[in-house]
file structure30.cif (mmCIF, C-alpha atoms)
data_target
loop_
_atom_site.label_atom_id
_atom_site.label_comp_id
_atom_site.auth_asym_id
_atom_site.auth_seq_id
_atom_site.Cartn_x
_atom_site.Cartn_y
_atom_site.Cartn_z
CA MET A 1 26.10 -7.96 -7.67
CA ALA A 2 28.46 -9.02 -4.94
CA ALA A 3 31.53 -7.11 -3.94
CA ILE A 4 34.60 -8.04 -1.94
CA LEU A 5 37.72 -7.09 -0.14
CA VAL A 6 38.58 -4.25 2.14
CA VAL A 7 40.85 -1.56 3.38
CA ALA A 8 41.13 -3.28 6.74
CA ALA A 9 43.44 -6.24 7.11
CA GLY A 10 40.60 -8.73 7.49
CA PRO A 11 37.05 -9.01 6.11
CA ALA A 12 34.37 -6.78 7.60
CA LEU A 13 30.68 -6.91 6.80
CA ALA A 14 29.95 -3.72 4.91
CA GLN A 15 28.93 -2.59 1.46
CA ASP A 16 27.57 -5.95 0.29
CA TRP A 17 30.19 -8.12 2.02
CA ASN A 18 32.80 -5.70 0.79
CA PRO A 19 35.68 -5.23 3.17
CA PHE A 20 36.71 -2.17 1.12
CA ARG A 21 34.55 0.22 3.10
CA ASP A 22 32.72 0.28 6.39
CA SER A 23 29.43 2.07 5.93
CA THR A 24 26.49 1.14 8.08
CA GLY A 25 24.08 3.54 6.43
CA SER A 26 23.22 5.03 9.80
CA PHE A 27 21.65 8.46 10.07
CA GLY A 28 24.40 10.22 11.98
CA ALA A 29 25.86 9.32 15.35
CA ARG A 30 23.24 8.87 18.02
CA SER A 31 22.43 6.88 21.09
CA GLU A 32 19.66 4.33 20.67
CA PRO A 33 17.54 3.91 23.81
CA TYR A 34 15.25 1.33 22.22
CA ASP A 35 15.66 -2.43 22.01
CA LYS A 36 18.25 -3.04 19.31
CA ALA A 37 17.35 -6.72 19.16
CA PHE A 38 13.75 -5.78 18.30
CA VAL A 39 14.95 -3.47 15.53
CA ARG A 40 17.22 -6.14 14.05
CA GLU A 41 14.41 -8.69 14.13
CA TRP A 42 11.86 -6.31 12.58
CA GLU A 43 14.20 -5.28 9.78
CA ALA A 44 15.46 -8.75 8.99
CA ARG A 45 12.06 -10.50 9.21
CA PRO A 46 9.37 -8.04 8.14
CA PRO A 47 5.69 -9.00 8.48
CA ARG A 48 4.04 -10.31 5.32
CA GLY A 49 1.47 -7.54 5.00
CA TYR A 50 -0.36 -6.77 1.75
CA ALA A 51 1.10 -7.40 -1.69
CA THR A 52 2.61 -4.28 -3.23
CA LEU A 53 1.04 -5.13 -6.58
CA ALA A 54 -2.44 -5.98 -5.28
CA PRO A 55 -5.10 -4.66 -7.71
CA ALA A 56 -6.92 -2.98 -4.82
CA ASN A 57 -3.89 -0.77 -4.28
CA ILE A 58 -4.68 1.22 -7.42
CA GLU A 59 -7.91 2.74 -6.13
CA ALA A 60 -6.43 3.04 -2.66
CA THR A 61 -3.51 5.05 -4.09
CA LYS A 62 -5.87 7.29 -6.06
CA THR A 63 -7.74 7.96 -2.82
CA ALA A 64 -4.45 8.73 -1.09
CA ILE A 65 -3.58 11.25 -3.80
CA LYS A 66 -6.86 13.08 -3.24
CA ARG A 67 -6.27 13.10 0.48
CA TYR A 68 -2.78 14.54 0.12
CA GLN A 69 -4.01 17.15 -2.34
CA GLU A 70 -6.35 18.36 0.40
CA ILE A 71 -3.56 18.38 2.97
CA VAL A 72 -1.37 20.42 0.65
CA GLN A 73 -4.19 22.84 -0.17
CA HIS A 74 -4.61 23.48 3.56
CA GLY A 75 -0.93 24.29 4.06
CA GLY A 76 0.59 20.90 4.77
CA TRP A 77 1.87 20.07 8.23
CA PRO A 78 4.18 21.77 10.74
CA VAL A 79 7.90 21.10 11.05
CA VAL A 80 8.64 18.85 14.02
CA PRO A 81 11.50 20.24 16.14
CA ASP A 82 14.78 18.32 16.08
CA GLN A 83 14.26 16.95 19.56
CA ALA A 84 14.22 13.31 20.62
CA MET A 85 10.89 12.27 22.15
CA GLN A 86 9.33 9.15 23.62
CA ALA A 87 6.62 8.06 26.01
CA GLY A 88 6.75 10.34 29.04
CA SER A 89 8.20 13.33 27.20
CA SER A 90 6.43 16.68 27.45
CA GLY A 91 6.65 20.17 26.03
CA GLY A 92 5.90 22.16 22.94
CA ALA A 93 7.68 19.76 20.58
CA VAL A 94 5.30 17.01 21.66
CA GLY A 95 2.36 19.24 20.78
CA VAL A 96 3.79 19.82 17.29
CA LEU A 97 4.34 16.08 16.87
CA ARG A 98 0.74 15.44 17.88
CA GLN A 99 -0.50 17.96 15.29
CA ARG A 100 1.72 16.48 12.58
CA LEU A 101 0.49 12.92 13.11
CA THR A 102 -3.12 14.02 13.35
CA LEU A 103 -2.92 15.71 9.95
CA SER A 104 -1.43 12.62 8.30
CA GLY A 105 -4.06 10.39 9.93
CA ASP A 106 -1.66 8.39 12.08
CA LEU A 107 -3.05 9.80 15.33
CA LYS A 108 -6.76 9.10 15.49
CA GLU A 109 -7.44 9.43 19.22
CA GLN A 110 -7.95 12.80 20.91
CA SER A 111 -6.27 13.69 24.20
CA SER A 112 -6.71 16.59 26.59
CA PHE A 113 -2.96 16.48 27.31
CA ARG A 114 -1.72 18.16 24.14
CA ASP A 115 1.92 18.48 25.21
CA GLN A 116 2.21 15.04 26.84
CA PHE A 117 3.66 12.02 25.02
CA ASP A 118 1.03 9.49 26.08
CA GLY A 119 0.17 5.97 24.97
CA TYR A 120 -2.05 7.20 22.14
CA LEU A 121 0.82 9.23 20.70
CA GLU A 122 3.26 6.36 21.10
CA ARG A 123 0.98 4.07 19.09
CA ALA A 124 0.60 6.78 16.45
CA VAL A 125 4.39 7.09 16.17
CA LYS A 126 4.66 3.32 15.73
CA ARG A 127 2.01 3.40 12.99
CA PHE A 128 3.83 6.21 11.24
CA GLN A 129 7.20 4.47 11.48
CA ALA A 130 5.88 1.17 10.15
CA SER A 131 4.15 2.81 7.16
CA ASN A 132 7.28 4.82 6.35
CA GLY A 133 9.70 1.93 6.30
CA LEU A 134 11.13 2.45 9.79
CA SER A 135 11.22 0.08 12.75
CA PRO A 136 8.14 0.81 14.93
CA THR A 137 9.94 1.59 18.17
CA GLY A 138 7.60 4.40 19.22
CA ILE A 139 10.68 6.55 19.88
CA VAL A 140 11.10 9.74 17.86
CA ASP A 141 14.79 9.73 16.97
CA LYS A 142 16.69 11.76 14.36
CA ARG A 143 15.72 9.52 11.46
CA THR A 144 12.05 9.54 12.43
CA ILE A 145 12.14 13.35 12.68
CA ALA A 146 13.70 13.55 9.22
CA VAL A 147 10.87 11.42 7.79
CA LEU A 148 8.20 13.39 9.67
CA ASN A 149 9.56 16.57 8.11
CA VAL A 150 9.33 15.44 4.49
CA PRO A 151 6.79 18.03 3.23
CA ALA A 152 3.28 16.96 2.29
CA GLN A 153 3.86 18.42 -1.19
CA THR A 154 6.83 16.09 -1.64
CA ARG A 155 4.80 13.08 -0.54
CA LEU A 156 2.04 14.08 -2.96
CA LYS A 157 4.53 14.19 -5.83
CA GLN A 158 5.73 10.74 -4.89
CA LEU A 159 2.22 9.31 -4.88
CA GLN A 160 1.52 10.88 -8.26
CA ALA A 161 4.79 9.57 -9.70
CA ASN A 162 4.19 6.04 -8.43
CA LEU A 163 0.58 5.57 -9.51
CA PRO A 164 1.43 4.88 -13.19
CA ARG A 165 4.23 2.54 -12.11
CA LEU A 166 1.77 0.57 -10.02
CA GLN A 167 -0.82 0.52 -12.78
CA ALA A 168 1.64 -0.85 -15.33
CA LEU A 169 2.90 -3.58 -13.00
CA VAL A 170 -0.51 -4.63 -11.63
CA ARG A 171 -1.89 -5.08 -15.15
CA GLY A 172 0.70 -7.70 -15.99
CA ALA A 173 1.09 -9.44 -12.63
CA PRO A 174 0.52 -13.23 -12.89
CA LYS A 175 -0.80 -15.55 -10.18
CA LYS A 176 2.68 -16.42 -8.92
CA TYR A 177 5.65 -14.07 -8.97
CA VAL A 178 8.51 -12.52 -7.05
CA ILE A 179 8.87 -8.77 -6.71
CA VAL A 180 11.86 -6.86 -5.41
CA ASN A 181 10.72 -3.40 -4.36
CA ILE A 182 14.07 -1.63 -4.51
CA PRO A 183 13.27 1.44 -2.36
CA ALA A 184 11.58 -0.74 0.27
CA GLN A 185 14.65 -3.01 0.25
CA GLN A 186 12.33 -6.00 0.42
CA VAL A 187 11.46 -9.10 -1.59
CA GLU A 188 7.92 -10.51 -1.82
CA ALA A 189 6.92 -14.00 -2.92
CA VAL A 190 3.31 -13.67 -4.05
CA GLU A 191 0.79 -16.33 -5.01
CA ASN A 192 -2.91 -15.86 -5.78
CA GLY A 193 -2.72 -12.24 -4.63
CA ALA A 194 -1.33 -13.04 -1.16
CA VAL A 195 2.17 -12.57 0.16
CA VAL A 196 3.56 -16.04 0.90
CA SER A 197 6.75 -14.61 2.39
CA ARG A 198 8.44 -11.22 2.67
CA HIS A 199 12.20 -10.91 2.96
CA ALA A 200 14.61 -8.13 3.83
CA GLY A 201 16.88 -7.41 0.90
CA VAL A 202 20.16 -5.65 0.28
CA VAL A 203 19.92 -3.51 -2.87
CA GLY A 204 22.36 -1.53 -4.98
CA LYS A 205 24.31 1.39 -3.58
CA ILE A 206 23.44 4.88 -4.74
CA ASP A 207 26.36 4.87 -7.18
CA ARG A 208 25.71 1.27 -8.26
CA PRO A 209 21.92 1.12 -8.41
CA THR A 210 19.90 -2.04 -8.83
CA PRO A 211 18.27 -1.92 -12.28
CA ILE A 212 14.53 -1.95 -12.91
CA LEU A 213 13.73 -5.07 -14.90
CA LYS A 214 11.28 -7.85 -15.70
CA SER A 215 12.39 -11.45 -16.13
CA SER A 216 11.74 -15.02 -14.91
CA ILE A 217 13.67 -17.12 -12.42
CA HIS A 218 14.87 -20.19 -14.31
CA GLU A 219 17.71 -21.68 -12.27
CA LEU A 220 19.16 -21.98 -8.78
CA ASN A 221 22.84 -22.68 -8.11
CA PHE A 222 23.55 -24.27 -4.74
CA ASN A 223 26.98 -23.47 -3.28
CA PRO A 224 28.02 -21.72 -6.48
CA VAL A 225 31.36 -20.57 -7.79
CA TRP A 226 31.50 -16.77 -7.84
CA HIS A 227 32.59 -15.32 -11.18
CA LEU A 228 33.62 -11.79 -10.28
CA PRO A 229 31.63 -9.38 -12.49
CA PRO A 230 33.28 -6.45 -14.32
CA THR A 231 32.01 -3.79 -11.90
CA VAL A 232 33.50 -5.56 -8.90
CA ILE A 233 36.77 -6.22 -10.72
CA ASP A 234 37.17 -2.59 -11.76
CA LYS A 235 35.88 -0.82 -8.68
CA ASP A 236 36.85 -3.23 -5.92
CA LEU A 237 39.35 -5.96 -6.80
CA PHE A 238 41.86 -3.89 -8.77
CA PRO A 239 42.03 -0.91 -6.36
CA ARG A 240 42.38 -3.26 -3.40
CA GLY A 241 44.90 -5.37 -5.28
CA ARG A 242 47.11 -2.35 -6.02
CA GLU A 243 46.88 -1.18 -2.42
CA MET A 244 47.90 -4.55 -1.03
CA GLN A 245 50.74 -4.91 -3.52
CA ARG A 246 52.33 -1.77 -2.09
CA THR A 247 52.56 -3.53 1.29
CA GLY A 248 53.83 -6.79 -0.16
CA LYS A 249 50.54 -8.65 0.16
CA ASN A 250 48.41 -10.43 -2.44
CA VAL A 251 44.68 -9.79 -2.58
CA LEU A 252 44.01 -13.08 -4.38
CA VAL A 253 45.73 -15.13 -1.71
CA GLN A 254 44.08 -13.27 1.16
CA TYR A 255 40.55 -13.69 -0.17
CA GLY A 256 40.87 -17.10 -1.81
CA ILE A 257 40.26 -15.83 -5.34
CA ASP A 258 41.64 -17.65 -8.38
CA ALA A 259 42.86 -15.93 -11.55
CA TYR A 260 42.54 -17.53 -15.00
CA ASP A 261 44.19 -16.63 -18.29
CA GLY A 262 42.48 -16.34 -21.66
CA GLN A 263 42.68 -20.11 -22.17
CA GLY A 264 40.95 -20.82 -18.86
CA ARG A 265 44.12 -21.97 -17.09
CA LYS A 266 44.62 -21.12 -13.43
CA VAL A 267 47.39 -18.59 -12.92
CA ASP A 268 49.86 -18.29 -10.04
CA PRO A 269 48.58 -15.33 -7.96
CA SER A 270 52.08 -13.84 -7.87
CA ARG A 271 51.92 -13.41 -11.65
CA VAL A 272 48.99 -10.99 -11.45
CA ASN A 273 50.24 -7.41 -11.27
CA PHE A 274 47.25 -5.18 -10.57
CA SER A 275 49.27 -2.10 -11.58
CA SER A 276 49.85 -3.49 -15.07
CA PRO A 277 47.42 -3.41 -18.03
CA SER A 278 48.13 -7.13 -18.49
CA ALA A 279 45.98 -7.86 -15.42
CA ARG A 280 42.95 -6.95 -17.52
CA GLY A 281 43.44 -10.16 -19.46
CA PHE A 282 42.57 -12.36 -16.49
CA SER A 283 39.21 -13.55 -15.22
CA PHE A 284 38.61 -14.18 -11.53
CA LYS A 285 36.62 -16.77 -9.58
CA GLN A 286 36.03 -17.69 -5.97
CA GLN A 287 35.18 -21.27 -5.04
CA PRO A 288 32.24 -22.16 -2.74
CA GLY A 289 32.93 -21.69 0.94
CA LYS A 290 32.22 -19.59 3.98
CA GLU A 291 33.92 -16.52 2.48
CA ASN A 292 32.13 -16.75 -0.87
CA PRO A 293 29.88 -13.63 -1.05
CA LEU A 294 27.14 -15.54 -2.88
CA GLY A 295 26.47 -17.60 0.22
CA PHE A 296 24.98 -21.05 -0.38
CA VAL A 297 22.50 -20.28 -3.17
CA LYS A 298 22.28 -18.04 -6.22
CA ILE A 299 19.00 -17.33 -8.04
CA ASN A 300 19.37 -16.79 -11.78
CA PHE A 301 17.20 -14.94 -14.29
CA HIS A 302 18.02 -13.64 -17.75
CA ASN A 303 18.90 -9.94 -17.86
CA ASN A 304 21.30 -7.51 -19.49
CA TYR A 305 22.79 -6.16 -16.25
CA SER A 306 24.74 -9.15 -14.90
CA VAL A 307 22.66 -9.11 -11.72
CA TYR A 308 21.13 -11.95 -9.72
CA MET A 309 19.71 -12.71 -6.28
CA HIS A 310 21.64 -14.61 -3.66
CA ASP A 311 22.43 -15.52 -0.08
CA MET A 312 25.26 -13.94 1.92
CA PRO A 313 27.87 -15.31 4.34
CA SER A 314 26.57 -13.24 7.27
CA ASP A 315 23.08 -11.90 7.92
CA THR A 316 24.12 -8.90 10.06
CA VAL A 317 23.35 -6.35 7.38
CA PHE A 318 19.71 -7.47 7.19
CA GLY A 319 19.12 -6.03 10.65
CA ARG A 320 19.82 -2.50 9.45
CA ASN A 321 17.25 -0.04 8.19
CA PHE A 322 19.43 1.28 5.35
CA ARG A 323 20.48 -1.60 3.11
CA ALA A 324 21.54 0.05 -0.16
CA ALA A 325 24.93 -1.62 0.00
CA SER A 326 25.44 -3.94 -2.97
CA SER A 327 26.84 -3.53 -6.46
CA GLY A 328 23.38 -3.99 -7.96
CA CYS A 329 22.47 -7.58 -7.07
CA ILE A 330 19.92 -8.47 -4.40
CA ARG A 331 20.89 -10.32 -1.24
CA VAL A 332 17.91 -12.03 0.38
CA SER A 333 17.29 -12.72 4.06
CA GLY A 334 15.70 -16.08 4.80
CA ILE A 335 16.49 -17.21 1.29
CA GLU A 336 15.93 -20.87 2.23
CA GLN A 337 12.17 -20.31 2.31
CA LEU A 338 12.19 -18.39 -0.96
CA ALA A 339 14.29 -21.02 -2.72
CA ALA A 340 12.00 -23.86 -1.62
CA TRP A 341 8.93 -21.91 -2.78
CA ILE A 342 10.50 -21.24 -6.19
CA LEU A 343 11.23 -24.96 -6.54
CA GLN A 344 7.89 -26.21 -5.20
CA ASP A 345 6.89 -27.51 -8.65
CA ASN A 346 10.14 -29.48 -8.88
CA GLY A 347 8.63 -32.09 -6.59
CA ASP A 348 11.39 -33.06 -4.18
CA TRP A 349 12.78 -29.67 -3.11
CA SER A 350 11.36 -29.09 0.36
CA GLN A 351 12.73 -26.37 2.60
CA GLY A 352 14.41 -29.11 4.59
CA ARG A 353 16.32 -30.24 1.53
CA VAL A 354 17.32 -26.67 0.76
CA VAL A 355 18.65 -26.27 4.30
CA GLU A 356 20.53 -29.56 3.92
CA MET A 357 22.30 -28.14 0.85
CA LYS A 358 23.43 -25.26 3.03
CA LYS A 359 24.73 -27.60 5.70
CA THR A 360 26.57 -29.99 3.38
CA GLY A 361 27.97 -27.40 0.96
CA GLY A 362 27.23 -29.69 -1.98
CA ARG A 363 27.34 -28.19 -5.47
CA GLN A 364 24.20 -28.54 -7.56
CA ASP A 365 22.50 -26.53 -10.29
CA VAL A 366 18.72 -26.90 -10.47
CA ARG A 367 16.54 -25.79 -13.36
CA VAL A 368 13.18 -24.40 -12.23
CA ARG A 369 10.51 -26.62 -13.74
CA ARG A 370 8.10 -23.69 -14.06
CA PRO A 371 10.05 -20.42 -14.28
CA VAL A 372 8.74 -17.85 -11.82
CA PRO A 373 8.08 -14.30 -13.12
CA LEU A 374 10.29 -11.71 -11.46
CA TYR A 375 10.06 -7.93 -11.16
CA PHE A 376 12.67 -5.49 -9.95
CA ALA A 377 10.40 -2.50 -9.31
CA TYR A 378 10.79 1.02 -7.98
CA ILE A 379 7.78 1.85 -5.81
CA THR A 380 8.25 4.52 -3.14
CA ALA A 381 4.64 5.54 -2.43
CA TRP A 382 1.42 3.56 -2.52
CA ALA A 383 -1.65 2.72 -0.45
CA THR A 384 -3.06 -0.66 0.49
CA GLU A 385 -6.65 -1.82 0.64
CA ASP A 386 -6.87 -1.09 4.37
CA GLY A 387 -6.27 2.60 3.62
CA VAL A 388 -2.72 2.73 4.97
CA ILE A 389 -0.45 4.96 2.89
CA GLN A 390 3.08 3.66 2.51
CA PHE A 391 6.20 5.72 1.81
CA ARG A 392 9.81 4.66 1.31
CA ARG A 393 13.05 6.51 0.61
CA ASP A 394 13.46 7.71 -2.95
CA LEU A 395 16.83 5.95 -2.95
CA TYR A 396 17.85 6.80 -6.50
CA ASN A 397 15.94 10.10 -6.80
CA LYS A 398 13.60 8.80 -9.50
CA ASP A 399 10.43 10.52 -8.22
CA GLY A 400 11.37 14.07 -9.12
CA ALA A 401 10.36 15.09 -5.61
CA GLY A 402 13.68 16.48 -4.39
CA SER A 403 16.48 15.07 -2.27
CA VAL A 404 14.53 15.47 0.98
CA ALA A 405 12.64 12.30 0.08
CA SER A 406 15.85 10.29 0.22
CA ALA A 407 17.93 12.10 2.84
CA TYR A 408 17.25 9.81 5.80
#

call {"tool": "encode", "arguments": {"input": "structure30.cif", "output": "structure tokens"}}
result
Amino acid sequence: MAAILVVAAGPALAQDWNPFRDSTGSFGARSEPYDKAFVREWEARPPRGYATLAPANIEATKTAIKRYQEIVQHGGWPVVPDQAMQAGSSGGAVGVLRQRLTLSGDLKEQSSFRDQFDGYLERAVKRFQASNGLSPTGIVDKRTIAVLNVPAQTRLKQLQANLPRLQALVRGAPKKYVIVNIPAQQVEAVENGAVVSRHAGVVGKIDRPTPILKSSIHELNFNPVWHLPPTVIDKDLFPRGREMQRTGKNVLVQYGIDAYDGQGRKVDPSRVNFSSPSARGFSFKQQPGKENPLGFVKINFHNNYSVYMHDMPSDTVFGRNFRAASSGCIRVSGIEQLAAWILQDNGDWSQGRVVEMKKTGGRQDVRVRRPVPLYFAYITAWATEDGVIQFRRDLYNKDGAGSVASAY
């Protein structure tokens, strides 16, 4: 669900195109010695990889559970010191890191230089980061240390909690579908068991979580009008409107939002008093344009939560690792490719035509000739057929594994 408007005088990309707050989701203040452009690219355009709902993942996850049971029975792994490390580092903390990654299976090569951060260890760190939802920089920063120090017992609980979720979803998965894995903050387009495209996604904030649901995509709206949903009106528009009124400004004028009365007639913005109960009688819309938080396309599916998938005016947020920043809806990076794939049975909707709709700004609603099954799923721990065990933040604390699984 999109959100708007902010405490600052002008729009700022934060909290699902919500100028109300500026929260990057970063893990504390820190210098970043790695290539920021690489991180942005990795986060915004993740590799396709294996399908989350591949049938082979069931047995692989069962095998992972057995493996983690053994790790736990043998005492788990050591706590990595809170000390930044990278290739060329040395000392006792490097030795602990080496032991930790060996136990989890990320470090497979042996080295006679236990306390030296060599190329083998750098590759192991990259493997660990990639399989834990982090950008594979090979640099052990504060966030990587936090993930390394999630106890083995916690990870075992997550695997055990996620196995039945996987089993239920895999059983019903059709040949063609879209899945939003909420904790992974990613969207997969899957056909015949293979990932056609994988997209970074922005998911619901902790206090406005994206719901778990099953539906089918039946319609796309190009350059849509945004009908502000109740959550955004109550939690964003009205508070911002009252704040701006105190300084003699009008939130509707500043953000190009129209108010309508109960008969559907447009109302003069000056007539809307956000401090009065009468304001509750209005509905609010924003016309298509560069400031419209839906971007150039909205993907519709029937549900009881007033959520949808859509584009966004700026793609900056997709380059972040923490993207729980919406009011429940899913913003999709590279949505042009996804939209064209959804409409591939409509005959004349190539990706080029989709891009042209973005360029021209033309309004058009398109029914999907063959509705595409859609899942909003919550999978934080699973294994793929190549034996790699994947973990993601327990964003909404649904695994019963404790807050340490989400505190990074």

call {"tool": "resolve_selection", "arguments": {"input": "structure30.cif", "expression": "the PyMOL selection byres ((chain A and resi 381-394) around 6)", "output": "PDB file with C-alpha atoms, in the frame of the given file"}}
result
ATOM      1  CA  ALA A  56      -6.920  -2.980  -4.820  1.00  0.00           C
ATOM      2  CA  ASN A  57      -3.890  -0.770  -4.280  1.00  0.00           C
ATOM      3  CA  ALA A  60      -6.430   3.040  -2.660  1.00  0.00           C
ATOM      4  CA  THR A  61      -3.510   5.050  -4.090  1.00  0.00           C
ATOM      5  CA  SER A 131       4.150   2.810   7.160  1.00  0.00           C
ATOM      6  CA  ASN A 132       7.280   4.820   6.350  1.00  0.00           C
ATOM      7  CA  GLY A 133       9.700   1.930   6.300  1.00  0.00           C
ATOM      8  CA  GLN A 158       5.730  10.740  -4.890  1.00  0.00           C
ATOM      9  CA  LEU A 159       2.220   9.310  -4.880  1.00  0.00           C
ATOM     10  CA  PRO A 183      13.270   1.440  -2.360  1.00  0.00           C
ATOM     11  CA  ALA A 184      11.580  -0.740   0.270  1.00  0.00           C
ATOM     12  CA  ILE A 379       7.780   1.850  -5.810  1.00  0.00           C
ATOM     13  CA  THR A 380       8.250   4.520  -3.140  1.00  0.00           C
ATOM     14  CA  LEU A 395      16.830   5.950  -2.950  1.00  0.00           C
ATOM     15  CA  TYR A 396      17.850   6.800  -6.500  1.00  0.00           C
ATOM     16  CA  ASN A 397      15.940  10.100  -6.800  1.00  0.00           C
ATOM     17  CA  ALA A 405      12.640  12.300   0.080  1.00  0.00           C
ATOM     18  CA  SER A 406      15.850  10.290   0.220  1.00  0.00           C
TER      19      SER A 406
END

call {"tool": "resolve_selection", "arguments": {"input": "structure30.cif", "expression": "the PyMOL selection byres ((chain A and resi 93) around 10)", "output": "list in words"}}
result
Val79, Val80, Pro81, Asp82, Gln83, Ala84, Met85, Ser89, Ser90, Gly91, Gly92, Val94, Gly95, Val96, Leu97, Arg98, Gln99, Asp115, Gln116 and Phe117 of chain A

call {"tool": "residues_around", "arguments": {"input": "structure30.cif", "residues": "Ser333 (chain A)", "least_positions_apart": "5", "cutoff": "12 Å", "atoms": "all atoms listed in the file", "output": "PyMOL selection string"}}
result
chain A and resi 40-46+185-188+197-203+295+297+309-320+323+338-339

call {"tool": "closest_residue", "arguments": {"input": "structure30.cif", "among": "A:Lys290, A:Val195, A:Arg242, A:Val190", "to": "Arg48 (chain A)", "atoms": "all atoms listed in the file"}}
result
A:Val195

call {"tool": "closest_residue", "arguments": {"input": "structure30.cif", "among": "A:Leu213, A:Arg265, A:Phe222, A:Ser283", "to": "Leu237 (chain A)", "atoms": "only C-alpha atoms"}}
result
A:Ser283

call {"tool": "residues_near_point", "arguments": {"input": "structure30.cif", "point": "(34.6, -21.8, 2.3)", "cutoff": "12 Å", "atoms": "all atoms listed in the file", "output": "list in words"}}
result
Asn223, Pro224, Val225, Trp226, Tyr255, Gly256, Ile257, Gln286, Gln287, Pro288, Gly289, Lys290, Glu291, Asn292, Pro293, Leu294, Gly295, Phe296, Pro313, Lys358, Lys359, Thr360, Gly361 and Gly362 of chain A

call {"tool": "resolve_selection", "arguments": {"input": "structure30.cif", "expression": "the PyMOL selection byres ((chain A and resi 372) around 6)", "output": "PyMOL selection string"}}
result
chain A and resi 177+216-217+371+373

call {"tool": "closest_residue", "arguments": {"input": "structure30.cif", "among": "A:Lys62, A:Arg240, A:Arg143, A:Arg100", "to": "Pro164 (chain A)", "atoms": "only C-alpha atoms"}}
result
A:Lys62

call {"tool": "atom_distance", "arguments": {"input": "structure30.cif", "atom1": "CA of Gly119 (chain A)", "atom2": "CA of Ala87 (chain A)"}}
result
6.9 Å

call {"tool": "closest_residue", "arguments": {"input": "structure30.cif", "among": "A:Thr137, A:Thr231, A:Ser215, A:Ser326", "to": "Lys36 (chain A)", "atoms": "all atoms listed in the file"}}
result
A:Thr137

call {"tool": "closest_residue", "arguments": {"input": "structure30.cif", "among": "A:Val196, A:Ile335, A:Ala259, A:Ile179", "to": "Phe376 (chain A)", "atoms": "all atoms listed in the file"}}
result
A:Ile179

call {"tool": "closest_residue", "arguments": {"input": "structure30.cif", "among": "A:Ala189, A:Thr63, A:Gly402, A:Leu103", "to": "Gln337 (chain A)", "atoms": "only C-alpha atoms"}}
result
A:Ala189

call {"tool": "atom_distance", "arguments": {"input": "structure30.cif", "atom1": "CA of Gln351 (chain A)", "atom2": "CA of His302 (chain A)"}}
result
24.6 Å

call {"tool": "atom_distance", "arguments": {"input": "structure30.cif", "atom1": "CA of Ala130 (chain A)", "atom2": "CA of Tyr308 (chain A)"}}
result
28.3 Å

call {"tool": "residues_around", "arguments": {"input": "structure30.cif", "residues": "Pro211 (chain A)", "least_positions_apart": "5", "cutoff": "10 Å", "atoms": "all atoms listed in the file", "output": "number ranges by chain"}}
result
A: 182, 203-204, 303-305, 307, 328-329, 376-378
